[in-house]
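In what follows, a structure is listed as structure tokens, so that the remarks can point back to it.
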2 protein chains.
Amino acid sequence: MKINCHKNDLLNGVNTSLKAVSTRTTLPILQCILLQTTQNEFKLISNDLEIGIESHVKANIIESGSVAIDARIFSEIVKKLPDAMVDITVDESNMTTIICQKSIFNIPGQPGTEFIQLPQVTKDTSISIKQSVLKDMIHQTLFSIAIKEIKPILTGELIEIKDNALSIISMDGYRISIRKVEFMDDFSDTAVVVPGKTLSEISKILSSDEADMLSIYFTDKHVLFELEDSIVVSRLLEGEYPKYANLFSGDYETLITVNRKELMMSIERAALIARESKKSPVKFEIKEDTLLITSNTELGNVHEELMIVREGQPIDIAFNPKYLLDALKAIEDEEICMQFTNALNPCIVRQVEGEDYKYLILPIRLNG
Amino acid sequence: MKINCHKNDLLNGVNTSLKAVSTRTTLPILQCILLQTTQNEFKLISNDLEIGIESHVKANIIESGSVAIDARIFSEIVKKLPDAMVDITVDESNMTTIICQKSIFNIPGQPGTEFIQLPQVTKDTSISIKQSVLKDMIHQTLFSIAIKEIKPILTGELIEIKDNALSIISMDGYRISIRKVEFMDDFSDTAVVVPGKTLSEISKILSSDEADMLSIYFTDKHVLFELEDSIVVSRLLEGEYPKYANLFSGDYETLITVNRKELMMSIERAALIARESKKSPVKFEIKEDTLLITSNTELGNVHEELMIVREGQPIDIAFNPKYLLDALKAIEDEEICMQFTNALNPCIVRQVEGEDYKYLILPIRLNG
């Protein structure tokens, strides 16, 4: 194999590939990146058996071939090369020579044929969406997947296409997060559960540029994200995702409208006092037109007061402040609504007008 | 005690004080910040028995007094308060009430009288210097103090005032770093060894603004740094600092002049191959007008070539790349000189013209 490309193009490809390189693995070949050429393409491929990534790098292909090379040392070398053209040559014994200006590296590689190829995904069911929108949707829900694998299906997110809307849902047993966008185009209904790790890695690759689109292809076993210069394939989680829709009833006894940032800052301050013991919640007291937030532990006590607009009944209810803060930080609106039924039932944080996001949060039962 | 001040002034004071709060201590009172008022001053005092800091905060003093309050919870509360005026009131039982707009905190404190006061330092011998200059001098030498306390004196830096020049010296048994500035004013000769931790903390407080000055006062046991809004007192290390001056002889067999940044980048790349085993050095081969840098380990091999200007003999010599990189990163000049006698004696990295800095680095003996 022999190719010639620019250091910056190579570095972009390497940085993308690194997101699917195994760090702990019983298969040492998976700690490598596969460098592979076809007639007119130079590709970098990585695969940790859950996610696989193929990045395309602009290059002059002088001689085709392939080599698997240790991802850590290769990426560190590429990162530190001068900003100039790079020659990569691989000999019959897989010795890989990297030349850039007056730097020459010789790194032993392994045969490209030993690398585990990515699964083939048939491109039938698909949607097309802005990268920036998917990036935001992941960011605004991923925090509430389950961390522990007691219920493995909850370590992923449900991606649901229904009635020309895309919803992303996560839940961990204490809260549910939902983000939804409507499409102008017609797409077939489908629903898959994608591992949280895949979504975390893909969101790092997605561009924030409004103009960049991506396509997502769905099969029974896999999901494939197709970007301009790269492809990410992931296996899906198997099993049935819990029903959630009927938990979000429109009924409530109390509805408040409040400034999101002020509420967030007040809860953050109250959480300073609450945090010492996990059992210490922050307490909400909804009065006429004020929300009192208090906490009282061995560290001291705190009393916060906020202006609100209230409909319905006064209510006292208590929460784990982290769950509220995760949701409030994910929202960008200036004002939000919170709806309550009673102190033992979940509250719902939602948009003042519209259905872009909904966060359901279980309360903590107060003693006495 | 009762005072009123702006959140931002208070936060500046708290952030400075935190640098001398004990994190691990057998004396719980040292995890506190002392809030203390005199007739017209509001001070925050922290003391970990090695360093002590007194910060002055602009405030209206309504009632004088003092309280010792847990540094961690106090600093986190102040950080999260709104940008507004803050009232702090302490009652007879040391309960401290912090009010800022609609936030009210009550935090139990301890009697201010239980706090360990800072040592008194007589202000006889002193120098005056730009904060930005001292900050740079510390940054450019502190990396080569000894970490392990086999020779405790080497865990500090020698601050030496002699012939109207200030020198800061550090050494760890493998290398010596020296930074020197000359004064326009007349100062008495003196020499003290200041703990590395003190210098690290003081350098974070020092301003980079060219206009800001500080005074340093020396006694047998202590050094005192006086800034505009704060005072830092530190104990000195006891014992005799090793003689170093005669190691920097002007004699050499080989002298090269080289671009600092190119040299640094080449050594960084070579270090990628060398780093796996600590025994693997990078090798320098100084030829006619080129410097070859190579390394060869089980990871592969690397060959770097640099243009140099050479005086004297060709030489082959090997180094721990970290020691060279630490020195080269600390320097700002575009070009530097390196002088060598032979492969077993230290090399000296120095200014092309002038004596602002000198770095002495021991080589690694090559096998065979």
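Scheme for the structure tokens: letters A, B, ... for chains in order shown; per-chain residue numbers from 1; ligand numbers from 1 in order shown.
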Chain B on chain A, least-squares, complete ordered Cα pairing, as a compact mmCIF listing (two decimals) with C-alpha atoms, in the first residue's frame:
```
# COMPACT_ATOMS: atom_id res chain seq x y z
CA MET B 1 -0.01 -0.04 0.01
CA LYS B 2 1.20 3.46 -0.76
CA ILE B 3 -0.72 6.70 -0.36
CA ASN B 4 -0.09 10.41 -0.05
CA CYS B 5 -2.45 12.78 1.80
CA HIS B 6 -2.46 15.97 3.85
CA LYS B 7 -1.78 15.71 7.58
CA ASN B 8 -4.99 17.64 8.44
CA ASP B 9 -7.25 15.36 6.36
CA LEU B 10 -5.57 12.32 7.90
CA LEU B 11 -5.94 13.73 11.42
CA ASN B 12 -9.68 14.39 10.92
CA GLY B 13 -10.15 10.80 9.80
CA VAL B 14 -8.08 9.40 12.66
CA ASN B 15 -9.95 11.46 15.27
CA THR B 16 -13.28 10.14 13.98
CA SER B 17 -12.02 6.54 13.88
CA LEU B 18 -10.70 6.68 17.44
CA LYS B 19 -14.31 6.82 18.72
CA ALA B 20 -14.77 3.14 17.85
CA VAL B 21 -11.40 1.80 18.97
CA SER B 22 -11.58 -0.68 21.83
CA THR B 23 -9.60 0.33 24.87
CA ARG B 24 -10.22 -2.85 26.84
CA THR B 25 -10.58 -5.88 24.67
CA THR B 26 -9.58 -9.51 24.50
CA LEU B 27 -9.04 -9.14 20.75
CA PRO B 28 -5.85 -7.05 20.31
CA ILE B 29 -6.61 -6.45 16.61
CA LEU B 30 -9.53 -4.23 17.74
CA GLN B 31 -7.02 -1.78 19.27
CA CYS B 32 -5.92 -1.09 15.72
CA ILE B 33 -7.17 1.18 12.97
CA LEU B 34 -7.42 -0.51 9.58
CA LEU B 35 -5.91 1.60 6.78
CA GLN B 36 -7.45 0.39 3.54
CA THR B 37 -7.46 1.56 -0.06
CA THR B 38 -9.79 0.67 -2.87
CA GLN B 39 -9.19 1.90 -6.42
CA ASN B 40 -10.01 5.51 -5.64
CA GLU B 41 -10.64 5.70 -1.91
CA PHE B 42 -8.51 5.72 1.23
CA LYS B 43 -10.46 4.60 4.29
CA LEU B 44 -9.75 4.30 8.02
CA ILE B 45 -11.86 1.64 9.74
CA SER B 46 -12.30 0.97 13.45
CA ASN B 47 -14.59 -1.53 15.13
CA ASP B 48 -15.20 -2.33 18.80
CA LEU B 49 -17.92 -4.89 17.88
CA GLU B 50 -20.63 -2.55 19.24
CA ILE B 51 -19.84 0.44 17.01
CA GLY B 52 -17.90 0.49 13.76
CA ILE B 53 -16.69 3.60 11.95
CA GLU B 54 -15.44 4.03 8.40
CA SER B 55 -13.82 7.42 7.60
CA HIS B 56 -12.92 8.52 4.11
CA VAL B 57 -9.70 10.50 3.75
CA LYS B 58 -8.84 12.52 0.65
CA ALA B 59 -5.63 10.94 -0.69
CA ASN B 60 -3.59 10.08 -3.79
CA ILE B 61 -3.57 6.31 -4.00
CA ILE B 62 -0.32 5.14 -5.51
CA GLU B 63 -0.58 1.45 -4.66
CA SER B 64 -3.63 -0.24 -3.10
CA GLY B 65 -3.53 -2.47 -0.05
CA SER B 66 -4.29 -2.48 3.67
CA VAL B 67 -2.67 -2.65 7.12
CA ALA B 68 -3.95 -2.74 10.72
CA ILE B 69 -1.92 -0.38 12.90
CA ASP B 70 -2.04 0.31 16.63
CA ALA B 71 -4.56 3.15 17.01
CA ARG B 72 -2.89 4.87 19.94
CA ILE B 73 0.61 5.22 18.52
CA PHE B 74 -0.70 5.99 15.01
CA SER B 75 -3.02 8.75 16.25
CA GLU B 76 -0.33 10.33 18.41
CA ILE B 77 2.15 10.35 15.54
CA VAL B 78 -0.37 11.90 13.13
CA LYS B 79 -1.32 14.55 15.72
CA LYS B 80 2.30 15.67 16.10
CA LEU B 81 3.32 15.68 12.43
CA PRO B 82 4.00 19.05 10.75
CA ASP B 83 1.07 20.57 8.78
CA ALA B 84 2.25 19.15 5.47
CA MET B 85 1.80 16.24 3.04
CA VAL B 86 2.29 12.74 4.48
CA ASP B 87 3.47 9.61 2.65
CA ILE B 88 2.38 6.25 4.05
CA THR B 89 3.97 3.11 2.63
CA VAL B 90 3.38 -0.48 3.79
CA ASP B 91 5.79 -3.27 2.79
CA GLU B 92 5.16 -7.04 2.47
CA SER B 93 5.91 -7.60 6.17
CA ASN B 94 3.35 -4.89 7.13
CA MET B 95 6.08 -2.49 8.27
CA THR B 96 4.44 0.92 7.88
CA THR B 97 6.61 3.91 6.99
CA ILE B 98 5.21 7.38 7.64
CA ILE B 99 7.16 10.28 6.12
CA CYS B 100 6.31 13.95 6.63
CA GLN B 101 8.96 16.55 5.76
CA LYS B 102 12.08 15.50 7.70
CA SER B 103 10.28 13.05 10.05
CA ILE B 104 10.40 9.34 9.30
CA PHE B 105 8.56 6.73 11.40
CA ASN B 106 8.66 2.94 10.93
CA ILE B 107 5.87 1.19 12.83
CA PRO B 108 5.17 -2.55 12.63
CA GLY B 109 1.59 -3.29 11.50
CA GLN B 110 -0.58 -6.41 11.20
CA PRO B 111 -2.15 -7.84 8.03
CA GLY B 112 -5.30 -5.92 7.11
CA THR B 113 -7.04 -9.25 6.45
CA GLU B 114 -7.01 -10.02 10.19
CA PHE B 115 -9.18 -6.99 10.98
CA ILE B 116 -12.87 -7.64 11.68
CA GLN B 117 -14.91 -6.03 8.91
CA LEU B 118 -17.98 -3.90 9.67
CA PRO B 119 -21.41 -5.55 9.32
CA GLN B 120 -23.16 -4.97 6.01
CA VAL B 121 -26.36 -2.94 6.42
CA THR B 122 -29.07 -2.97 3.74
CA LYS B 123 -30.22 0.54 2.99
CA ASP B 124 -34.02 0.18 2.95
CA THR B 125 -35.75 2.11 5.77
CA SER B 126 -34.15 5.50 6.23
CA ILE B 127 -34.63 9.07 7.35
CA SER B 128 -32.72 12.22 6.56
CA ILE B 129 -32.17 14.86 9.26
CA LYS B 130 -29.96 17.85 10.08
CA GLN B 131 -26.84 16.80 12.00
CA SER B 132 -27.22 19.76 14.39
CA VAL B 133 -30.81 18.71 15.26
CA LEU B 134 -29.85 15.10 16.03
CA LYS B 135 -26.83 16.31 18.02
CA ASP B 136 -29.08 18.50 20.21
CA MET B 137 -31.72 15.78 20.64
CA ILE B 138 -29.10 13.31 21.87
CA HIS B 139 -27.55 15.87 24.21
CA GLN B 140 -30.98 16.77 25.61
CA THR B 141 -31.98 13.20 26.52
CA LEU B 142 -28.88 11.04 26.92
CA PHE B 143 -28.33 12.01 30.58
CA SER B 144 -31.31 9.95 31.72
CA ILE B 145 -30.42 6.53 30.30
CA ALA B 146 -29.87 3.87 32.95
CA ILE B 147 -26.21 3.44 33.89
CA LYS B 148 -26.44 0.07 35.58
CA GLU B 149 -27.35 -2.88 33.44
CA ILE B 150 -30.16 -4.21 35.66
CA LYS B 151 -32.51 -3.58 32.73
CA PRO B 152 -30.14 -3.60 29.72
CA ILE B 153 -32.74 -2.11 27.36
CA LEU B 154 -32.71 1.11 29.42
CA THR B 155 -28.98 1.65 28.76
CA GLY B 156 -30.04 2.70 25.25
CA GLU B 157 -32.38 5.31 23.83
CA LEU B 158 -35.59 4.57 21.95
CA ILE B 159 -35.57 6.20 18.51
CA GLU B 160 -39.12 6.23 17.27
CA ILE B 161 -40.44 7.42 13.93
CA LYS B 162 -44.20 7.75 13.92
CA ASP B 163 -46.66 9.99 12.05
CA ASN B 164 -43.76 11.86 10.40
CA ALA B 165 -42.18 12.81 13.72
CA LEU B 166 -38.92 11.59 15.24
CA SER B 167 -38.86 11.09 19.02
CA ILE B 168 -35.87 10.15 21.17
CA ILE B 169 -36.73 8.71 24.59
CA SER B 170 -34.62 7.73 27.59
CA MET B 171 -35.58 6.55 31.08
CA ASP B 172 -33.72 5.23 34.13
CA GLY B 173 -36.55 4.28 36.49
CA TYR B 174 -36.66 7.70 38.19
CA ARG B 175 -37.31 9.94 35.21
CA ILE B 176 -38.14 9.97 31.51
CA SER B 177 -36.84 12.40 28.88
CA ILE B 178 -38.48 12.94 25.49
CA ARG B 179 -37.38 15.11 22.58
CA LYS B 180 -39.46 15.30 19.43
CA VAL B 181 -39.16 16.91 15.98
CA GLU B 182 -41.66 16.87 13.16
CA PHE B 183 -40.61 16.19 9.57
CA MET B 184 -41.72 17.85 6.37
CA ASP B 185 -40.99 14.62 4.45
CA ASP B 186 -42.78 11.26 4.55
CA PHE B 187 -40.91 8.50 6.41
CA SER B 188 -42.02 4.95 7.32
CA ASP B 189 -42.83 4.28 10.98
CA THR B 190 -40.14 2.38 12.85
CA ALA B 191 -38.67 2.07 16.36
CA VAL B 192 -35.23 0.89 17.47
CA VAL B 193 -33.21 1.03 20.70
CA VAL B 194 -29.67 2.33 20.13
CA PRO B 195 -26.94 1.82 22.79
CA GLY B 196 -26.16 4.97 24.78
CA LYS B 197 -22.47 4.67 23.97
CA THR B 198 -23.18 4.77 20.23
CA LEU B 199 -25.24 7.93 20.63
CA SER B 200 -22.61 9.54 22.81
CA GLU B 201 -19.88 8.85 20.23
CA ILE B 202 -21.98 9.83 17.22
CA SER B 203 -22.94 13.13 18.87
CA LYS B 204 -19.22 14.01 19.06
CA ILE B 205 -18.83 13.43 15.32
CA LEU B 206 -22.01 15.33 14.32
CA SER B 207 -21.51 18.85 13.02
CA SER B 208 -23.26 21.88 14.57
CA ASP B 209 -23.50 23.51 11.15
CA GLU B 210 -27.14 24.09 10.15
CA ALA B 211 -26.41 23.03 6.56
CA ASP B 212 -25.01 19.54 7.25
CA MET B 213 -27.43 16.64 6.85
CA LEU B 214 -27.12 12.95 7.67
CA SER B 215 -29.06 9.83 6.69
CA ILE B 216 -29.98 7.11 9.17
CA TYR B 217 -30.72 3.57 7.92
CA PHE B 218 -32.53 1.03 10.08
CA THR B 219 -32.54 -2.79 9.99
CA ASP B 220 -33.61 -5.37 12.60
CA LYS B 221 -30.11 -5.68 14.05
CA HIS B 222 -28.27 -2.49 13.10
CA VAL B 223 -28.51 1.23 12.60
CA LEU B 224 -26.24 3.06 10.17
CA PHE B 225 -25.49 6.79 10.31
CA GLU B 226 -24.19 8.14 6.99
CA LEU B 227 -22.32 11.46 7.13
CA GLU B 228 -20.45 13.20 4.33
CA ASP B 229 -17.00 11.70 5.11
CA SER B 230 -17.85 8.80 7.36
CA ILE B 231 -20.22 5.95 8.19
CA VAL B 232 -21.06 4.79 11.71
CA VAL B 233 -22.67 1.35 12.15
CA SER B 234 -24.00 0.21 15.51
CA ARG B 235 -25.74 -2.89 16.74
CA LEU B 236 -29.19 -2.36 18.31
CA LEU B 237 -30.30 -3.39 21.80
CA GLU B 238 -32.73 -6.30 21.77
CA GLY B 239 -35.91 -6.47 23.83
CA GLU B 240 -39.05 -4.45 24.31
CA TYR B 241 -38.74 -0.82 25.41
CA PRO B 242 -41.23 0.06 28.22
CA LYS B 243 -44.47 1.85 27.31
CA TYR B 244 -44.25 5.48 28.40
CA ALA B 245 -46.87 7.51 26.52
CA ASN B 246 -49.74 7.13 29.04
CA LEU B 247 -47.53 8.47 31.86
CA PHE B 248 -47.63 11.88 30.18
CA SER B 249 -51.32 12.59 30.73
CA GLY B 250 -52.45 16.18 30.27
CA ASP B 251 -54.18 16.14 33.71
CA TYR B 252 -52.75 18.21 36.54
CA GLU B 253 -53.74 19.84 39.82
CA THR B 254 -51.04 22.52 39.72
CA LEU B 255 -49.32 24.20 36.77
CA ILE B 256 -46.59 26.80 37.14
CA THR B 257 -44.69 28.91 34.62
CA VAL B 258 -41.24 30.00 35.73
CA ASN B 259 -38.00 31.50 34.42
CA ARG B 260 -35.78 28.51 33.63
CA LYS B 261 -32.42 30.07 34.44
CA GLU B 262 -33.55 31.56 37.78
CA LEU B 263 -35.08 28.21 38.76
CA MET B 264 -31.89 26.41 37.79
CA MET B 265 -29.68 28.78 39.80
CA SER B 266 -31.95 28.48 42.87
CA ILE B 267 -31.93 24.68 42.73
CA GLU B 268 -28.14 24.68 42.25
CA ARG B 269 -27.71 26.75 45.39
CA ALA B 270 -30.17 24.61 47.35
CA ALA B 271 -28.32 21.50 46.13
CA LEU B 272 -25.12 22.74 47.83
CA ILE B 273 -26.84 22.14 51.17
CA ALA B 274 -28.76 19.04 50.08
CA ARG B 275 -25.94 17.16 48.48
CA GLU B 276 -24.14 15.79 51.52
CA SER B 277 -26.51 12.88 52.00
CA LYS B 278 -28.32 11.40 49.04
CA LYS B 279 -31.50 11.12 51.08
CA SER B 280 -31.73 14.92 51.53
CA PRO B 281 -33.98 16.37 48.87
CA VAL B 282 -34.73 19.96 47.98
CA LYS B 283 -38.27 20.87 48.95
CA PHE B 284 -40.64 22.89 46.73
CA GLU B 285 -43.48 24.87 48.33
CA ILE B 286 -45.77 26.37 45.70
CA LYS B 287 -47.74 29.28 47.21
CA GLU B 288 -49.90 31.97 45.63
CA ASP B 289 -47.35 33.48 43.22
CA THR B 290 -44.08 32.28 44.71
CA LEU B 291 -42.10 29.09 44.74
CA LEU B 292 -40.07 28.48 47.92
CA ILE B 293 -37.13 26.08 47.55
CA THR B 294 -35.54 24.94 50.80
CA SER B 295 -33.11 22.35 52.10
CA ASN B 296 -31.96 21.60 55.62
CA THR B 297 -29.07 19.26 56.49
CA GLU B 298 -26.17 19.11 58.93
CA LEU B 299 -24.34 21.58 56.65
CA GLY B 300 -26.92 24.31 57.37
CA ASN B 301 -30.07 25.46 55.66
CA VAL B 302 -31.06 27.40 52.58
CA HIS B 303 -34.17 29.32 51.56
CA GLU B 304 -34.76 30.43 47.96
CA GLU B 305 -37.75 32.40 46.68
CA LEU B 306 -38.87 32.67 43.06
CA MET B 307 -41.71 34.52 41.29
CA ILE B 308 -44.02 32.17 39.39
CA VAL B 309 -47.34 32.21 37.54
CA ARG B 310 -49.58 29.55 39.06
CA GLU B 311 -52.75 27.75 37.95
CA GLY B 312 -54.55 25.31 40.28
CA GLN B 313 -53.75 24.20 43.84
CA PRO B 314 -50.82 25.03 46.14
CA ILE B 315 -48.56 21.99 46.65
CA ASP B 316 -45.54 20.87 48.70
CA ILE B 317 -43.28 18.33 46.96
CA ALA B 318 -39.61 17.30 47.14
CA PHE B 319 -37.05 16.21 44.54
CA ASN B 320 -33.54 14.92 44.02
CA PRO B 321 -32.08 18.22 42.74
CA LYS B 322 -29.82 16.47 40.20
CA TYR B 323 -32.79 15.15 38.21
CA LEU B 324 -34.35 18.61 37.93
CA LEU B 325 -31.02 20.24 37.06
CA ASP B 326 -30.23 17.71 34.31
CA ALA B 327 -33.54 18.55 32.61
CA LEU B 328 -33.32 22.32 33.14
CA LYS B 329 -29.76 22.44 31.75
CA ALA B 330 -30.82 20.57 28.62
CA ILE B 331 -33.56 23.10 27.83
CA GLU B 332 -32.82 26.39 26.05
CA ASP B 333 -36.17 28.19 26.46
CA GLU B 334 -36.33 31.24 28.74
CA GLU B 335 -39.53 30.07 30.43
CA ILE B 336 -40.81 26.57 31.15
CA CYS B 337 -43.92 24.94 32.62
CA MET B 338 -44.00 22.40 35.45
CA GLN B 339 -47.14 20.38 36.13
CA PHE B 340 -47.97 18.44 39.31
CA THR B 341 -50.80 16.22 40.52
CA ASN B 342 -49.73 15.50 44.12
CA ALA B 343 -46.62 15.04 46.28
CA LEU B 344 -46.31 11.33 45.43
CA ASN B 345 -46.76 11.50 41.66
CA PRO B 346 -44.19 12.61 39.10
CA CYS B 347 -43.96 16.18 37.93
CA ILE B 348 -43.60 17.02 34.24
CA VAL B 349 -41.31 19.77 32.97
CA ARG B 350 -42.46 20.88 29.53
CA GLN B 351 -42.49 23.60 26.92
CA VAL B 352 -44.85 26.55 27.57
CA GLU B 353 -46.27 26.06 24.07
CA GLY B 354 -45.43 23.04 21.93
CA GLU B 355 -44.24 19.48 22.46
CA ASP B 356 -40.52 19.69 21.62
CA TYR B 357 -39.49 18.29 25.00
CA LYS B 358 -41.04 16.69 28.06
CA TYR B 359 -39.22 15.57 31.20
CA LEU B 360 -40.98 13.41 33.78
CA ILE B 361 -39.37 13.31 37.24
CA LEU B 362 -40.40 11.21 40.25
CA PRO B 363 -40.57 13.07 43.57
CA ILE B 364 -38.95 11.99 46.87
CA ARG B 365 -41.41 11.17 49.65
CA LEU B 366 -40.89 13.54 52.60
CA ASN B 367 -40.82 12.12 56.13
CA GLY B 368 -43.61 13.34 58.40
```
I need the residues in region 47-295 of chain A that are strand (DSSP E or B) according to DSSP; give them as a ChimeraX atom specification. /A:47,51-57,59-63,66-70,85-90,95-100,103-108,110-111,125-130,156-162,165-171,175-182,190-195,213-218,222-226,230-235,254-259,282-286,290-295
For the alpha helix (DSSP H) assignment from backbone DSSP, which residues of region 187-356 of chain B qualify? Please present them as a CSV table (one decimal) with C-alpha atoms, in the first residue's frame.
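Output below, filename part.csv:
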```csv
chain,number,residue,atom,x,y,z
B,196,GLY,CA,7.7,24.5,45.8
B,197,LYS,CA,4.0,24.4,46.8
B,198,THR,CA,4.2,28.0,48.0
B,199,LEU,CA,5.6,29.1,44.7
B,200,SER,CA,3.1,27.1,42.8
B,201,GLU,CA,0.2,28.7,44.7
B,202,ILE,CA,1.6,32.3,44.6
B,203,SER,CA,2.1,32.0,40.8
B,204,LYS,CA,-1.6,31.4,40.5
B,205,ILE,CA,-2.4,34.6,42.4
B,260,ARG,CA,13.6,26.1,19.5
B,261,LYS,CA,10.1,25.2,18.3
B,262,GLU,CA,11.4,22.9,15.5
B,263,LEU,CA,13.6,21.1,18.0
B,264,MET,CA,10.8,20.8,20.5
B,265,MET,CA,8.4,19.3,17.9
B,266,SER,CA,11.1,16.8,16.7
B,267,ILE,CA,11.8,15.7,20.3
B,268,GLU,CA,8.1,15.4,21.0
B,269,ARG,CA,7.7,13.1,18.0
B,270,ALA,CA,10.8,11.1,18.9
B,271,ALA,CA,9.4,10.8,22.5
B,272,LEU,CA,6.3,9.0,21.1
B,273,ILE,CA,8.5,6.1,20.2
B,274,ALA,CA,10.9,6.4,23.2
B,321,PRO,CA,13.2,13.5,26.2
B,322,LYS,CA,11.1,14.9,29.0
B,323,TYR,CA,13.9,16.8,30.6
B,324,LEU,CA,14.7,18.6,27.3
B,325,LEU,CA,11.1,19.2,26.6
B,326,ASP,CA,10.4,20.8,30.0
B,327,ALA,CA,13.2,23.3,29.4
B,328,LEU,CA,12.3,24.0,25.8
B,329,LYS,CA,8.7,24.6,26.6
B,330,ALA,CA,9.6,27.1,29.3
```
